[in-house]
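Chemist: Quick one, protein.txt (compact mmCIF, C-alpha atoms):
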```txt
# COMPACT_ATOMS: atom_id res chain seq x y z
CA SER A 1046 4.06 -32.72 54.59
CA GLU A 1047 4.61 -29.05 55.30
CA THR A 1048 2.38 -27.43 57.83
CA PRO A 1049 0.22 -24.80 56.05
CA LEU A 1050 0.79 -21.24 57.15
CA PRO A 1051 -1.75 -19.81 59.54
CA ARG A 1052 -4.41 -17.66 57.89
CA TYR A 1053 -3.10 -14.48 59.54
CA GLU A 1054 0.40 -15.11 58.15
CA ARG A 1055 -0.93 -15.64 54.63
CA GLY A 1056 -2.91 -12.43 55.00
CA ALA A 1057 0.13 -10.55 56.25
CA ILE A 1058 2.32 -11.84 53.41
CA GLY A 1059 -0.38 -10.94 50.89
CA ALA A 1060 -0.62 -7.44 52.34
CA VAL A 1061 3.18 -7.01 52.17
CA SER A 1062 3.23 -8.22 48.56
CA LYS A 1063 0.46 -5.80 47.68
CA SER A 1064 2.34 -2.96 49.37
CA ILE A 1065 5.47 -3.81 47.40
CA ASP A 1066 3.47 -3.80 44.16
CA ASP A 1067 1.94 -0.44 45.06
CA LEU A 1068 5.38 0.99 45.78
CA LYS A 1069 6.62 -0.24 42.42
CA ARG A 1070 3.65 1.40 40.70
CA ARG A 1071 4.39 4.72 42.39
CA ALA A 1072 8.17 4.50 41.96
CA ILE A 1073 9.76 7.08 39.69
CA ILE A 1074 12.71 5.95 37.60
CA ASP A 1075 15.04 7.65 35.15
CA VAL A 1076 14.67 6.46 31.54
CA ALA A 1077 16.92 7.40 28.62
CA PRO A 1078 14.71 9.42 26.21
CA GLU A 1079 16.04 7.54 23.18
CA MET A 1080 14.47 4.38 24.63
CA ILE A 1081 10.99 5.94 24.59
CA ASP A 1082 8.55 5.76 21.65
CA ASN A 1083 5.19 7.45 21.23
CA GLY A 1084 2.22 5.27 22.11
CA GLY A 1085 -1.54 5.53 22.06
CA LEU A 1086 -3.41 8.10 19.97
CA ARG A 1087 -2.46 11.53 18.72
CA ASP A 1088 -3.96 14.22 20.93
CA ARG A 1089 -2.53 17.50 19.63
CA LEU A 1090 -3.02 19.33 16.36
CA ASP A 1091 -0.40 22.07 16.62
CA GLU A 1092 3.33 21.54 17.07
CA ASP A 1093 3.60 24.80 19.08
CA PRO A 1094 7.37 25.41 18.73
CA GLU A 1095 7.18 28.47 21.00
CA GLY A 1096 5.52 26.45 23.75
CA MET A 1097 8.10 23.68 23.36
CA ALA A 1098 10.95 26.19 23.63
CA ALA A 1099 9.38 27.61 26.79
CA LEU A 1100 9.02 24.11 28.25
CA GLN A 1101 12.67 23.36 27.52
CA ASP A 1102 13.74 26.61 29.19
CA SER A 1103 11.66 25.76 32.27
CA ILE A 1104 13.08 22.24 32.55
CA ARG A 1105 16.60 23.53 31.97
CA GLU A 1106 16.22 25.97 34.85
CA TYR A 1107 14.04 24.08 37.32
CA GLY A 1108 14.31 20.45 36.23
CA GLN A 1109 11.47 18.08 35.40
CA GLN A 1110 8.86 18.72 38.08
CA VAL A 1111 6.15 16.29 36.91
CA PRO A 1112 6.92 12.69 35.89
CA VAL A 1113 5.49 11.15 32.73
CA LEU A 1114 3.69 7.82 32.50
CA LEU A 1115 5.22 5.06 30.37
CA ARG A 1116 4.41 1.46 29.64
CA HIS A 1117 6.75 -1.34 28.63
CA SER A 1118 6.87 -1.65 24.86
CA PRO A 1119 4.87 -4.64 23.61
CA ASN A 1120 7.12 -4.84 20.54
CA GLU A 1121 10.68 -4.55 21.78
CA GLU A 1122 12.28 -5.64 25.05
CA GLY A 1123 13.79 -2.80 27.05
CA ARG A 1124 11.92 -0.01 25.27
CA TYR A 1125 8.99 2.07 26.50
CA GLU A 1126 5.96 3.86 25.07
CA VAL A 1127 4.51 7.16 26.27
CA VAL A 1128 1.07 6.94 27.85
CA TYR A 1129 1.03 10.68 28.59
CA GLY A 1130 3.70 13.35 28.77
CA ARG A 1131 4.86 13.43 25.15
CA ARG A 1132 5.85 17.10 25.22
CA ARG A 1133 7.97 16.57 28.33
CA VAL A 1134 9.65 13.56 26.73
CA ALA A 1135 10.36 15.57 23.56
CA ALA A 1136 11.76 18.49 25.58
CA LEU A 1137 14.00 16.22 27.65
CA LYS A 1138 15.17 14.44 24.50
CA ALA A 1139 16.17 17.80 23.00
CA LEU A 1140 17.99 18.65 26.26
CA ARG A 1141 19.60 15.18 26.33
CA GLN A 1142 18.39 14.62 29.88
CA PRO A 1143 16.89 11.44 31.37
CA VAL A 1144 13.11 11.27 31.71
CA LYS A 1145 11.61 10.86 35.16
CA ALA A 1146 8.78 8.40 34.70
CA MET A 1147 6.36 6.02 36.31
CA VAL A 1148 6.08 2.71 34.45
CA ARG A 1149 2.97 0.55 34.19
CA HIS A 1150 2.16 -2.78 32.60
CA LEU A 1151 -0.70 -1.73 30.32
CA ASN A 1152 -2.34 -3.40 27.36
CA ASP A 1153 -3.55 -1.31 24.41
CA ARG A 1154 -7.03 -0.79 25.85
CA GLU A 1155 -5.67 0.29 29.23
CA LEU A 1156 -3.21 2.63 27.51
CA ILE A 1157 -5.94 4.39 25.55
CA ILE A 1158 -8.19 4.75 28.58
CA ALA A 1159 -5.31 6.12 30.70
CA GLN A 1160 -4.42 8.58 27.94
CA GLY A 1161 -8.05 9.62 27.59
CA GLN A 1162 -8.49 10.16 31.32
CA GLU A 1163 -5.37 12.30 31.40
CA ASN A 1164 -6.65 14.33 28.44
CA SER A 1165 -10.06 14.87 30.04
CA ALA A 1166 -8.37 16.49 33.03
CA ARG A 1167 -6.19 18.80 30.93
CA LYS A 1168 -7.40 22.31 30.26
CA ASP A 1169 -4.88 22.99 27.47
CA LEU A 1170 -6.48 20.56 25.02
CA SER A 1171 -9.11 22.27 22.87
CA PHE A 1172 -12.55 20.96 21.98
CA ILE A 1173 -11.51 19.88 18.50
CA GLU A 1174 -8.43 18.06 19.82
CA LYS A 1175 -10.58 16.08 22.25
CA ALA A 1176 -13.10 15.46 19.47
CA LEU A 1177 -10.40 14.01 17.22
CA PHE A 1178 -9.13 11.88 20.11
CA ALA A 1179 -12.66 10.49 20.59
CA GLN A 1180 -12.86 9.83 16.85
CA GLN A 1181 -9.59 7.87 16.93
CA MET A 1182 -10.93 5.76 19.79
CA ALA A 1183 -14.17 5.08 17.88
CA ARG A 1184 -12.24 4.10 14.75
CA ALA A 1185 -10.04 1.82 16.84
CA GLY A 1186 -13.16 -0.12 17.76
CA TYR A 1187 -13.84 1.11 21.28
CA ASP A 1188 -17.52 1.42 22.13
CA ARG A 1189 -19.18 4.63 23.29
CA LYS A 1190 -19.15 3.65 26.96
CA ILE A 1191 -15.38 3.20 26.99
CA ILE A 1192 -14.91 6.50 25.15
CA CYS A 1193 -17.18 8.22 27.69
CA ASP A 1194 -15.29 6.66 30.61
CA ALA A 1195 -11.91 7.55 29.09
CA LEU A 1196 -12.80 11.22 28.56
CA SER A 1197 -15.17 11.54 31.57
CA ILE A 1198 -17.83 12.95 29.23
CA ASP A 1199 -21.44 11.84 28.78
CA LYS A 1200 -22.81 10.26 25.60
CA THR A 1201 -24.47 13.46 24.40
CA VAL A 1202 -21.18 15.38 24.37
CA ILE A 1203 -19.34 12.45 22.76
CA SER A 1204 -22.03 12.31 20.07
CA ARG A 1205 -21.55 16.01 19.29
CA MET A 1206 -17.78 15.63 19.28
CA LEU A 1207 -18.00 12.79 16.78
CA THR A 1208 -20.47 14.77 14.66
CA VAL A 1209 -17.88 17.52 14.28
CA ALA A 1210 -14.91 15.18 13.77
CA ASP A 1211 -16.73 12.92 11.31
CA THR A 1212 -18.42 15.68 9.28
CA LEU A 1213 -15.66 18.22 8.75
CA PRO A 1214 -12.92 17.12 6.32
CA GLN A 1215 -9.70 16.27 8.14
CA LYS A 1216 -7.71 18.44 5.73
CA LEU A 1217 -9.75 21.46 6.81
CA VAL A 1218 -9.45 20.69 10.53
CA LEU A 1219 -5.68 20.24 10.26
CA ARG A 1220 -5.44 23.48 8.33
CA ILE A 1221 -7.37 25.36 11.02
CA GLY A 1222 -5.51 23.77 13.94
CA SER A 1223 -6.40 23.45 17.61
CA ALA A 1224 -8.39 26.73 17.88
CA PRO A 1225 -8.18 26.82 21.71
CA SER A 1226 -10.74 29.62 22.08
CA ILE A 1227 -13.37 27.93 19.91
CA GLY A 1228 -15.86 25.78 21.81
CA ARG A 1229 -18.38 23.10 20.94
CA ASP A 1230 -21.23 25.35 19.78
CA ARG A 1231 -19.08 27.25 17.29
CA TRP A 1232 -17.68 24.02 15.81
CA LEU A 1233 -21.22 22.65 15.46
CA ALA A 1234 -22.26 25.89 13.75
CA LEU A 1235 -19.33 25.49 11.35
CA VAL A 1236 -20.55 21.97 10.54
CA LYS A 1237 -23.89 23.44 9.40
CA ARG A 1238 -22.24 26.14 7.32
CA ALA A 1239 -19.79 23.69 5.73
CA ARG A 1240 -22.48 21.40 4.30
CA GLY A 1241 -22.29 21.54 0.52
CA ALA A 1242 -19.24 23.83 0.49
CA GLU A 1243 -16.22 22.92 -1.62
CA LEU A 1244 -13.22 21.67 0.36
CA ASP A 1245 -10.66 23.70 -1.59
CA VAL A 1246 -12.66 26.87 -0.98
CA MET A 1247 -12.81 26.22 2.77
CA VAL A 1248 -9.12 25.35 3.03
CA GLN A 1249 -8.18 28.44 1.04
CA ALA A 1250 -10.30 30.57 3.37
CA ALA A 1251 -8.39 29.32 6.44
CA GLN A 1252 -6.03 32.28 6.63
CA GLY A 1253 -4.57 33.85 9.77
CA GLU A 1254 -1.58 33.75 12.08
CA SER A 1255 -3.36 31.82 14.83
CA SER A 1256 -5.66 28.81 14.62
CA ASP A 1257 -8.46 30.85 16.22
CA GLN A 1258 -8.13 33.42 13.42
CA ARG A 1259 -8.15 30.69 10.77
CA PHE A 1260 -11.35 29.25 12.24
CA GLU A 1261 -13.03 32.67 12.20
CA ALA A 1262 -11.91 33.26 8.61
CA VAL A 1263 -13.51 29.99 7.46
CA PHE A 1264 -16.63 30.64 9.54
CA ASP A 1265 -17.09 34.10 8.03
CA ALA A 1266 -16.37 32.86 4.50
CA LEU A 1267 -19.20 30.33 4.81
CA ALA A 1268 -21.73 32.83 6.16
CA PRO A 1269 -25.03 32.66 4.23
CA ALA A 1270 -25.38 35.45 1.69
CA ARG A 1271 -27.59 38.27 2.88
CA ALA A 1272 -30.22 39.55 0.49
CA VAL A 1273 -29.52 43.11 -0.64
CA PRO A 1274 -32.65 45.19 -0.09
CA ALA A 1275 -34.11 46.68 -3.25
CA ALA A 1276 -33.69 50.42 -3.69
CA PRO A 1277 -36.76 52.56 -2.92
CA ARG A 1278 -38.88 53.51 -5.95
CA LYS A 1279 -39.84 57.12 -6.41
CA LEU A 1280 -43.59 57.59 -6.92
CA THR A 1281 -44.67 60.33 -9.29
CA GLY A 1282 -48.09 61.51 -10.41
CA GLN A 1283 -49.47 63.63 -13.23
CA ASN A 1284 -46.87 65.91 -14.84
CA GLY A 1285 -44.13 64.19 -12.83
CA ALA A 1286 -45.26 65.50 -9.45
CA ALA A 1287 -43.42 63.76 -6.59
CA LEU A 1288 -45.88 61.84 -4.44
CA GLY A 1289 -43.54 59.79 -2.21
CA GLU A 1290 -41.75 56.45 -2.48
CA ALA A 1291 -42.31 52.71 -2.32
CA ARG A 1292 -39.87 50.56 -0.31
CA PRO A 1293 -40.06 46.85 -1.23
CA GLY A 1294 -39.13 44.41 1.51
CA LYS A 1295 -38.97 40.64 1.85
CA ARG A 1296 -42.48 40.36 3.28
CA LYS A 1297 -44.13 43.72 2.59
CA MET A 1298 -44.22 46.80 0.41
CA VAL A 1299 -44.19 50.11 2.27
CA ILE A 1300 -45.72 53.05 0.37
CA GLU A 1301 -45.13 56.46 1.86
CA LEU A 1302 -47.00 59.43 0.42
CA SER A 1303 -45.82 62.85 1.42
CA GLY A 1304 -45.80 66.41 0.14
CA ASP A 1305 -48.10 66.63 -2.89
CA GLY A 1306 -49.01 62.99 -2.29
CA ARG A 1307 -50.42 63.55 1.18
CA GLU A 1308 -53.89 64.62 -0.02
CA PHE A 1309 -53.83 61.86 -2.64
CA GLY A 1310 -53.13 59.39 0.15
CA ASP A 1311 -56.33 60.37 1.95
CA TRP A 1312 -58.33 59.84 -1.29
CA LEU A 1313 -56.56 56.52 -1.94
CA ALA A 1314 -57.45 55.23 1.52
CA ASP A 1315 -61.11 56.06 0.89
CA HIS A 1316 -61.18 54.41 -2.54
CA LEU A 1317 -58.82 51.52 -1.95
CA ASP A 1318 -61.48 48.85 -2.52
CA GLU A 1319 -62.25 50.31 -5.96
CA VAL A 1320 -58.54 50.48 -6.87
CA HIS A 1321 -58.04 46.91 -5.70
CA ARG A 1322 -61.07 45.73 -7.74
CA ASN A 1323 -59.66 47.35 -10.87
CA TRP A 1324 -56.31 45.65 -10.23
CA LEU A 1325 -57.98 42.27 -9.87
CA GLU A 1326 -59.76 42.79 -13.21
CA THR A 1327 -56.41 43.32 -14.92
CA LYS A 1328 -55.25 39.91 -13.61
CA ALA A 1329 -58.40 38.07 -14.77
```
Could you write out this structure as structure tokens?

Modeler:
Amino acid sequence: SETPLPRYERGAIGAVSKSIDDLKRRAIIDVAPEMIDNGGLRDRLDEDPEGMAALQDSIREYGQQVPVLLRHSPNEEGRYEVVYGRRRVAALKALRQPVKAMVRHLNDRELIIAQGQENSARKDLSFIEKALFAQQMARAGYDRKIICDALSIDKTVISRMLTVADTLPQKLVLRIGSAPSIGRDRWLALVKRARGAELDVMVQAAQGESSDQRFEAVFDALAPARAVPAAPRKLTGQNGAALGEARPGKRKMVIELSGDGREFGDWLADHLDEVHRNWLETKA
């Protein structure tokens, strides 16, 4: 029988194998863009053609500076799916240039978590885009802990994200767009204003060149109606003499006596109990 390898040799071989695996994981290869499909969940609302054109110009001039992450396609041998870096893949496909990529063996759960962790570190994704990404994860059956880990966000923030994504109609959110300047509190305020509003009215209100402007247009259109204060009433006495005016408010009536009414005001203050008693008798 063969003599078993000494423990230190097995350890050395294991370490070398691990090092080789690590090198493979970090290796960057060129992949034909036509062999790459989108994978995971949608994370952007706006197509942003201007941004895509700028990205293509940058890659054309300086080359692809940052590799994308791919996984081997679970459906077709020899093909790949994007974990993150979709815009770079699209730009390189338009330029007909190979894609510099790292490739991992990831199952669906690992793909979603990797995509979520990448998204949580990106500052160009807006609140609503991250909220919709969290919603897609929830609908795919992932529990809150996994969603929190994937986006590096605590349960309270995830809960608020899902409140916005689940409450506002998708048609309205897609019409508004990414709204990069609009944060969590404003979206939550829109949720409150949108309750009971008709979808067609909200969608029609979403007008503006930018998604931020469309959000503000909807937000303003759903503002609660303000009560119009009643016009002051002129107070006149015997023979039409001007005594002052009464200004009705929501919680009080302000009576101002001036001019000819000033002396009457002094008398009224002294006899107010009698006037009030007479008024009560009229209500009896």

Chemist: Any idea what the distance is between atom CA of A:Glu1326 and atom CA of A:Pro1277?

Modeler: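 Between these atoms lies a distance of 27.0 Å.
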
Chemist: May I ask which of the residues A:Ala1275, A:Val1263, A:Ala1224, A:Val1148 is the closest one to A:Arg1238, counting all atoms listed in the file?

Modeler: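 Looking at the shortest contact to A:Arg1238, the residue is A:Val1263.
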
Chemist: Could you give me, as a list in words, the residues within 9 Å of A:Gly1306, counting only C-alpha atoms and dropping anything in the same chain fewer than 4 positions from it?

Modeler: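 Non-adjacent residues within range: Leu1280, Thr1281, Gly1282, Ala1286, Ala1287, Leu1288, Gly1289, Glu1301, Leu1302, Gly1310 and Asp1311 of chain A.
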
Chemist: Please provide the set of residues having any atom within 12 Å of A:Ala1179, restricted to all atoms listed in the file, with same-chain residues fewer than 3 positions apart removed, written as a PyMOL selection string.

Modeler: chain A and resi 1086-1088+1157-1158+1160-1162+1164-1165+1172-1176+1182-1198+1200+1202-1211

Chemist: Between A:Gly1222, A:Gly1304, A:Pro1214, A:Pro1293, which is the closest to A:Phe1260 once you count only C-alpha atoms?

Modeler: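 Distance minimum relative to A:Phe1260 lands on A:Gly1222.
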
Chemist: Where atoms are absent from stretch 1257-1277 of chain A, fill them in so it carries N, CA and C atoms, then output it as a compact mmCIF listing (two decimals), in the frame of the given file.

Modeler:
```txt
# COMPACT_ATOMS: atom_id res chain seq x y z
N ASP A 1257 -7.17 30.20 15.95
CA ASP A 1257 -8.46 30.85 16.22
C ASP A 1257 -8.84 31.77 15.05
N GLN A 1258 -7.86 32.52 14.54
CA GLN A 1258 -8.13 33.42 13.42
C GLN A 1258 -8.49 32.64 12.16
N ARG A 1259 -7.83 31.50 11.96
CA ARG A 1259 -8.15 30.69 10.77
C ARG A 1259 -9.56 30.12 10.86
N PHE A 1260 -9.97 29.72 12.07
CA PHE A 1260 -11.35 29.25 12.24
C PHE A 1260 -12.33 30.36 11.88
N GLU A 1261 -12.11 31.56 12.44
CA GLU A 1261 -13.03 32.67 12.20
C GLU A 1261 -13.08 33.03 10.72
N ALA A 1262 -11.94 32.94 10.03
CA ALA A 1262 -11.91 33.26 8.61
C ALA A 1262 -12.78 32.29 7.81
N VAL A 1263 -12.68 30.99 8.14
CA VAL A 1263 -13.51 29.99 7.46
C VAL A 1263 -14.97 30.21 7.81
N PHE A 1264 -15.25 30.45 9.09
CA PHE A 1264 -16.63 30.64 9.54
C PHE A 1264 -17.28 31.81 8.81
N ASP A 1265 -16.55 32.92 8.69
CA ASP A 1265 -17.09 34.10 8.03
C ASP A 1265 -17.26 33.86 6.52
N ALA A 1266 -16.30 33.12 5.94
CA ALA A 1266 -16.37 32.86 4.50
C ALA A 1266 -17.58 32.01 4.13
N LEU A 1267 -18.06 31.21 5.08
CA LEU A 1267 -19.20 30.33 4.81
C LEU A 1267 -20.52 30.92 5.28
N ALA A 1268 -20.50 32.18 5.69
CA ALA A 1268 -21.73 32.83 6.16
C ALA A 1268 -22.73 32.89 5.02
N PRO A 1269 -24.01 32.59 5.29
CA PRO A 1269 -25.03 32.66 4.23
C PRO A 1269 -25.13 34.07 3.66
N ALA A 1270 -25.30 34.15 2.36
CA ALA A 1270 -25.38 35.45 1.69
C ALA A 1270 -26.63 36.19 2.16
N ARG A 1271 -26.45 37.45 2.46
CA ARG A 1271 -27.59 38.27 2.88
C ARG A 1271 -28.22 38.95 1.67
N ALA A 1272 -29.53 38.92 1.61
CA ALA A 1272 -30.22 39.55 0.49
C ALA A 1272 -30.04 41.07 0.55
N VAL A 1273 -29.69 41.66 -0.57
CA VAL A 1273 -29.52 43.11 -0.64
C VAL A 1273 -30.90 43.73 -0.85
N PRO A 1274 -31.31 44.60 0.06
CA PRO A 1274 -32.65 45.19 -0.09
C PRO A 1274 -32.75 46.01 -1.37
N ALA A 1275 -33.90 45.93 -2.01
CA ALA A 1275 -34.11 46.68 -3.25
C ALA A 1275 -34.17 48.18 -2.93
N ALA A 1276 -33.69 48.96 -3.88
CA ALA A 1276 -33.69 50.42 -3.69
C ALA A 1276 -35.12 50.95 -3.71
N PRO A 1277 -35.41 51.97 -2.91
CA PRO A 1277 -36.76 52.56 -2.92
C PRO A 1277 -37.11 53.09 -4.31
```
